[in-house]
$ cat entry-v8.txt   # compact mmCIF, N, CA and C atoms
# COMPACT_ATOMS: atom_id res chain seq x y z
N MET A 1 -4.82 -12.79 -8.74
CA MET A 1 -5.59 -13.06 -7.55
C MET A 1 -7.05 -13.12 -7.95
N GLY A 2 -7.73 -14.19 -7.57
CA GLY A 2 -9.13 -14.36 -7.91
C GLY A 2 -10.03 -13.74 -6.87
N SER A 3 -11.32 -14.06 -6.97
CA SER A 3 -12.26 -13.56 -5.98
C SER A 3 -13.36 -14.58 -5.76
N VAL A 4 -13.95 -14.52 -4.59
CA VAL A 4 -15.08 -15.37 -4.24
C VAL A 4 -16.22 -14.45 -3.84
N HIS A 5 -17.31 -14.51 -4.57
CA HIS A 5 -18.47 -13.66 -4.31
C HIS A 5 -18.09 -12.18 -4.23
N GLY A 6 -17.16 -11.76 -5.09
CA GLY A 6 -16.77 -10.35 -5.14
C GLY A 6 -15.71 -9.94 -4.14
N PHE A 7 -15.30 -10.85 -3.24
CA PHE A 7 -14.26 -10.53 -2.27
C PHE A 7 -12.94 -11.12 -2.74
N PRO A 8 -11.86 -10.35 -2.63
CA PRO A 8 -10.57 -10.88 -3.08
C PRO A 8 -10.12 -12.04 -2.21
N VAL A 9 -9.49 -13.03 -2.85
CA VAL A 9 -8.95 -14.17 -2.14
C VAL A 9 -7.52 -13.83 -1.73
N VAL A 10 -7.20 -14.07 -0.46
CA VAL A 10 -5.85 -13.81 0.04
C VAL A 10 -5.06 -15.11 0.00
N ASP A 11 -3.94 -15.08 -0.70
CA ASP A 11 -3.04 -16.24 -0.77
C ASP A 11 -2.32 -16.33 0.58
N PRO A 12 -2.36 -17.49 1.25
CA PRO A 12 -1.70 -17.61 2.56
C PRO A 12 -0.20 -17.30 2.50
N ALA A 13 0.46 -17.61 1.41
CA ALA A 13 1.89 -17.30 1.29
C ALA A 13 2.11 -15.79 1.23
N ASP A 14 1.27 -15.09 0.47
CA ASP A 14 1.38 -13.63 0.41
C ASP A 14 1.07 -13.00 1.76
N ALA A 15 0.10 -13.55 2.47
CA ALA A 15 -0.25 -13.04 3.80
C ALA A 15 0.92 -13.23 4.77
N ALA A 16 1.60 -14.37 4.70
CA ALA A 16 2.73 -14.63 5.59
C ALA A 16 3.90 -13.69 5.29
N VAL A 17 4.23 -13.51 4.02
CA VAL A 17 5.32 -12.60 3.65
C VAL A 17 4.96 -11.17 4.06
N GLY A 18 3.72 -10.78 3.82
CA GLY A 18 3.28 -9.43 4.19
C GLY A 18 3.37 -9.19 5.69
N ALA A 19 2.97 -10.19 6.48
CA ALA A 19 3.04 -10.05 7.94
C ALA A 19 4.50 -9.95 8.40
N ARG A 20 5.38 -10.74 7.79
CA ARG A 20 6.80 -10.66 8.15
C ARG A 20 7.38 -9.30 7.75
N LEU A 21 6.99 -8.79 6.59
CA LEU A 21 7.46 -7.49 6.14
C LEU A 21 7.03 -6.40 7.12
N LYS A 22 5.78 -6.44 7.53
CA LYS A 22 5.28 -5.45 8.50
C LYS A 22 6.04 -5.56 9.82
N HIS A 23 6.24 -6.79 10.29
CA HIS A 23 6.97 -7.02 11.54
C HIS A 23 8.35 -6.36 11.49
N TRP A 24 9.11 -6.64 10.42
CA TRP A 24 10.46 -6.10 10.32
C TRP A 24 10.47 -4.60 10.08
N ARG A 25 9.50 -4.09 9.33
CA ARG A 25 9.41 -2.64 9.12
C ARG A 25 9.23 -1.95 10.45
N GLU A 26 8.31 -2.47 11.27
CA GLU A 26 8.07 -1.87 12.58
C GLU A 26 9.28 -2.01 13.49
N ARG A 27 9.95 -3.15 13.46
CA ARG A 27 11.16 -3.34 14.28
C ARG A 27 12.27 -2.37 13.89
N ARG A 28 12.30 -2.00 12.62
CA ARG A 28 13.31 -1.06 12.15
C ARG A 28 12.90 0.40 12.38
N GLY A 29 11.68 0.60 12.88
CA GLY A 29 11.20 1.95 13.18
C GLY A 29 10.82 2.77 11.96
N LEU A 30 10.44 2.09 10.89
CA LEU A 30 10.04 2.78 9.66
C LEU A 30 8.53 2.85 9.54
N SER A 31 8.05 3.93 8.97
CA SER A 31 6.62 4.04 8.67
C SER A 31 6.35 3.34 7.35
N VAL A 32 5.08 3.13 7.06
CA VAL A 32 4.69 2.58 5.76
C VAL A 32 5.22 3.48 4.64
N GLU A 33 5.09 4.77 4.84
CA GLU A 33 5.54 5.72 3.83
C GLU A 33 7.05 5.65 3.61
N ASP A 34 7.81 5.49 4.72
CA ASP A 34 9.27 5.39 4.59
C ASP A 34 9.67 4.18 3.76
N LEU A 35 9.12 3.01 4.11
CA LEU A 35 9.49 1.79 3.38
C LEU A 35 8.98 1.84 1.95
N ALA A 36 7.80 2.38 1.73
CA ALA A 36 7.27 2.50 0.37
C ALA A 36 8.22 3.33 -0.49
N ARG A 37 8.72 4.41 0.07
CA ARG A 37 9.65 5.26 -0.68
C ARG A 37 10.94 4.48 -1.00
N LEU A 38 11.47 3.75 -0.01
CA LEU A 38 12.69 2.97 -0.23
C LEU A 38 12.48 1.86 -1.27
N MET A 39 11.25 1.35 -1.35
CA MET A 39 10.95 0.27 -2.29
C MET A 39 10.37 0.79 -3.61
N ASP A 40 10.30 2.11 -3.76
CA ASP A 40 9.81 2.73 -4.99
C ASP A 40 8.39 2.28 -5.32
N MET A 41 7.50 2.40 -4.33
CA MET A 41 6.09 2.09 -4.52
C MET A 41 5.26 3.08 -3.72
N THR A 42 3.97 3.04 -3.93
CA THR A 42 3.10 3.94 -3.17
C THR A 42 2.83 3.34 -1.79
N PRO A 43 2.49 4.18 -0.82
CA PRO A 43 2.12 3.66 0.50
C PRO A 43 0.93 2.70 0.43
N GLU A 44 0.00 2.95 -0.48
CA GLU A 44 -1.15 2.05 -0.63
C GLU A 44 -0.69 0.66 -1.10
N GLU A 45 0.23 0.62 -2.05
CA GLU A 45 0.77 -0.68 -2.48
C GLU A 45 1.43 -1.40 -1.30
N GLN A 46 2.18 -0.63 -0.50
CA GLN A 46 2.86 -1.20 0.66
C GLN A 46 1.84 -1.77 1.65
N ARG A 47 0.77 -1.05 1.90
CA ARG A 47 -0.27 -1.53 2.81
C ARG A 47 -0.93 -2.81 2.29
N ARG A 48 -1.18 -2.85 0.99
CA ARG A 48 -1.79 -4.04 0.39
C ARG A 48 -0.88 -5.25 0.52
N ILE A 49 0.42 -5.06 0.32
CA ILE A 49 1.37 -6.16 0.48
C ILE A 49 1.40 -6.64 1.92
N GLU A 50 1.48 -5.71 2.87
CA GLU A 50 1.52 -6.08 4.28
C GLU A 50 0.25 -6.78 4.73
N ALA A 51 -0.87 -6.47 4.09
CA ALA A 51 -2.14 -7.11 4.43
C ALA A 51 -2.34 -8.44 3.70
N GLY A 52 -1.39 -8.78 2.82
CA GLY A 52 -1.51 -10.03 2.07
C GLY A 52 -2.43 -9.95 0.88
N ARG A 53 -2.81 -8.74 0.49
CA ARG A 53 -3.73 -8.56 -0.63
C ARG A 53 -3.01 -8.30 -1.95
N ALA A 54 -1.67 -8.35 -1.92
CA ALA A 54 -0.88 -8.16 -3.14
C ALA A 54 0.34 -9.05 -3.04
N HIS A 55 0.82 -9.48 -4.18
CA HIS A 55 1.97 -10.38 -4.26
C HIS A 55 3.27 -9.57 -4.30
N LEU A 56 4.24 -10.00 -3.52
CA LEU A 56 5.56 -9.38 -3.52
C LEU A 56 6.46 -10.25 -4.39
N ASN A 57 6.79 -9.77 -5.59
CA ASN A 57 7.61 -10.59 -6.50
C ASN A 57 9.06 -10.63 -6.02
N SER A 58 9.88 -11.44 -6.67
CA SER A 58 11.26 -11.65 -6.21
C SER A 58 12.08 -10.36 -6.27
N LEU A 59 11.84 -9.51 -7.25
CA LEU A 59 12.56 -8.25 -7.33
C LEU A 59 12.23 -7.36 -6.13
N ARG A 60 10.95 -7.29 -5.80
CA ARG A 60 10.53 -6.47 -4.65
C ARG A 60 10.98 -7.08 -3.32
N ILE A 61 11.03 -8.41 -3.24
CA ILE A 61 11.57 -9.04 -2.03
C ILE A 61 13.02 -8.63 -1.86
N GLY A 62 13.78 -8.64 -2.95
CA GLY A 62 15.18 -8.21 -2.91
C GLY A 62 15.31 -6.76 -2.46
N THR A 63 14.44 -5.91 -2.97
CA THR A 63 14.45 -4.50 -2.57
C THR A 63 14.13 -4.36 -1.09
N ALA A 64 13.14 -5.14 -0.62
CA ALA A 64 12.73 -5.06 0.78
C ALA A 64 13.84 -5.51 1.72
N ILE A 65 14.48 -6.63 1.41
CA ILE A 65 15.52 -7.12 2.32
C ILE A 65 16.73 -6.18 2.31
N SER A 66 16.98 -5.54 1.18
CA SER A 66 18.06 -4.56 1.12
C SER A 66 17.71 -3.32 1.95
N ALA A 67 16.50 -2.82 1.79
CA ALA A 67 16.06 -1.62 2.52
C ALA A 67 16.02 -1.84 4.02
N LEU A 68 15.62 -3.05 4.43
CA LEU A 68 15.50 -3.36 5.86
C LEU A 68 16.75 -4.01 6.43
N ARG A 69 17.76 -4.23 5.57
CA ARG A 69 19.01 -4.88 5.98
C ARG A 69 18.73 -6.23 6.64
N LEU A 70 18.07 -7.10 5.88
CA LEU A 70 17.67 -8.41 6.36
C LEU A 70 18.23 -9.51 5.47
N PRO A 71 18.41 -10.72 6.04
CA PRO A 71 18.69 -11.88 5.18
C PRO A 71 17.39 -12.33 4.52
N LEU A 72 17.50 -13.05 3.44
CA LEU A 72 16.31 -13.50 2.70
C LEU A 72 15.35 -14.29 3.57
N TRP A 73 15.86 -15.16 4.43
CA TRP A 73 14.98 -16.02 5.23
C TRP A 73 14.01 -15.21 6.09
N ALA A 74 14.37 -13.98 6.44
CA ALA A 74 13.54 -13.17 7.34
C ALA A 74 12.16 -12.87 6.75
N LEU A 75 12.05 -12.83 5.42
CA LEU A 75 10.75 -12.59 4.80
C LEU A 75 10.10 -13.85 4.26
N THR A 76 10.87 -14.91 4.09
CA THR A 76 10.32 -16.11 3.45
C THR A 76 10.12 -17.28 4.37
N SER A 77 10.57 -17.18 5.62
CA SER A 77 10.46 -18.31 6.53
C SER A 77 10.37 -17.84 7.97
N ASP A 78 9.71 -18.62 8.82
CA ASP A 78 9.66 -18.33 10.24
C ASP A 78 10.83 -18.95 10.98
N THR A 79 11.66 -19.72 10.26
CA THR A 79 12.80 -20.40 10.86
C THR A 79 14.09 -19.78 10.35
N ARG A 80 14.99 -19.46 11.28
CA ARG A 80 16.29 -18.90 10.88
C ARG A 80 17.03 -19.89 9.99
N ALA A 81 17.70 -19.38 9.00
CA ALA A 81 18.44 -20.23 8.07
C ALA A 81 19.85 -20.52 8.57
N TYR A 82 20.26 -19.86 9.63
CA TYR A 82 21.58 -20.10 10.19
C TYR A 82 21.58 -19.87 11.67

$ encode --input "entry-v8.txt" --output "structure tokens"
Amino acid sequence: MGSVHGFPVVDPADAAVGARLKHWRERRGLSVEDLARLMDMTPEEQRRIEAGRAHLNSLRIGTAISALRLPLWALTSDTRAY
């Protein structure tokens, strides 16, 4: 992730995935700390991902959909896949 004038650049794709992750975490009634523990990361890392300031790689996406009991499309698309 680069920066412009010292401010981090937010990738729109990371921001979209992070927003979807936060949406589903809240719908499942989990705190940031709960999901961070299930995903084996710190709460700060979880907050950065939800804010779109960190990239969620494919392994972590898999962990997230497993922890939240979601299909893959729920984090990668706004349109249902079925």

$ atom_distance --input "entry-v8.txt" --atom1 "atom C of A:Ala15" --atom2 "atom C of A:Asn57"
13.8 Å

$ atom_distance --input "entry-v8.txt" --atom1 "atom CA of A:Pro43" --atom2 "atom C of A:Ser31"
8.1 Å

$ atom_distance --input "entry-v8.txt" --atom1 "atom CA of A:Ser66" --atom2 "atom CA of A:Arg53"
22.2 Å

$ select_by_dssp --input "entry-v8.txt" --residues "chain A" --states "strand (DSSP E or B)" --output "ChimeraX atom specification"
/A:3-4,7-8

$ closest_residue --input "entry-v8.txt" --among "A:Val17, A:Ala64, A:Leu30, A:Leu59" --to "A:Thr76" --atoms "all atoms listed in the file"
A:Val17

$ closest_residue --input "entry-v8.txt" --among "A:Val9, A:His23, A:Leu75, A:Leu70" --to "A:Leu56" --atoms "only C-alpha atoms"
A:Leu75
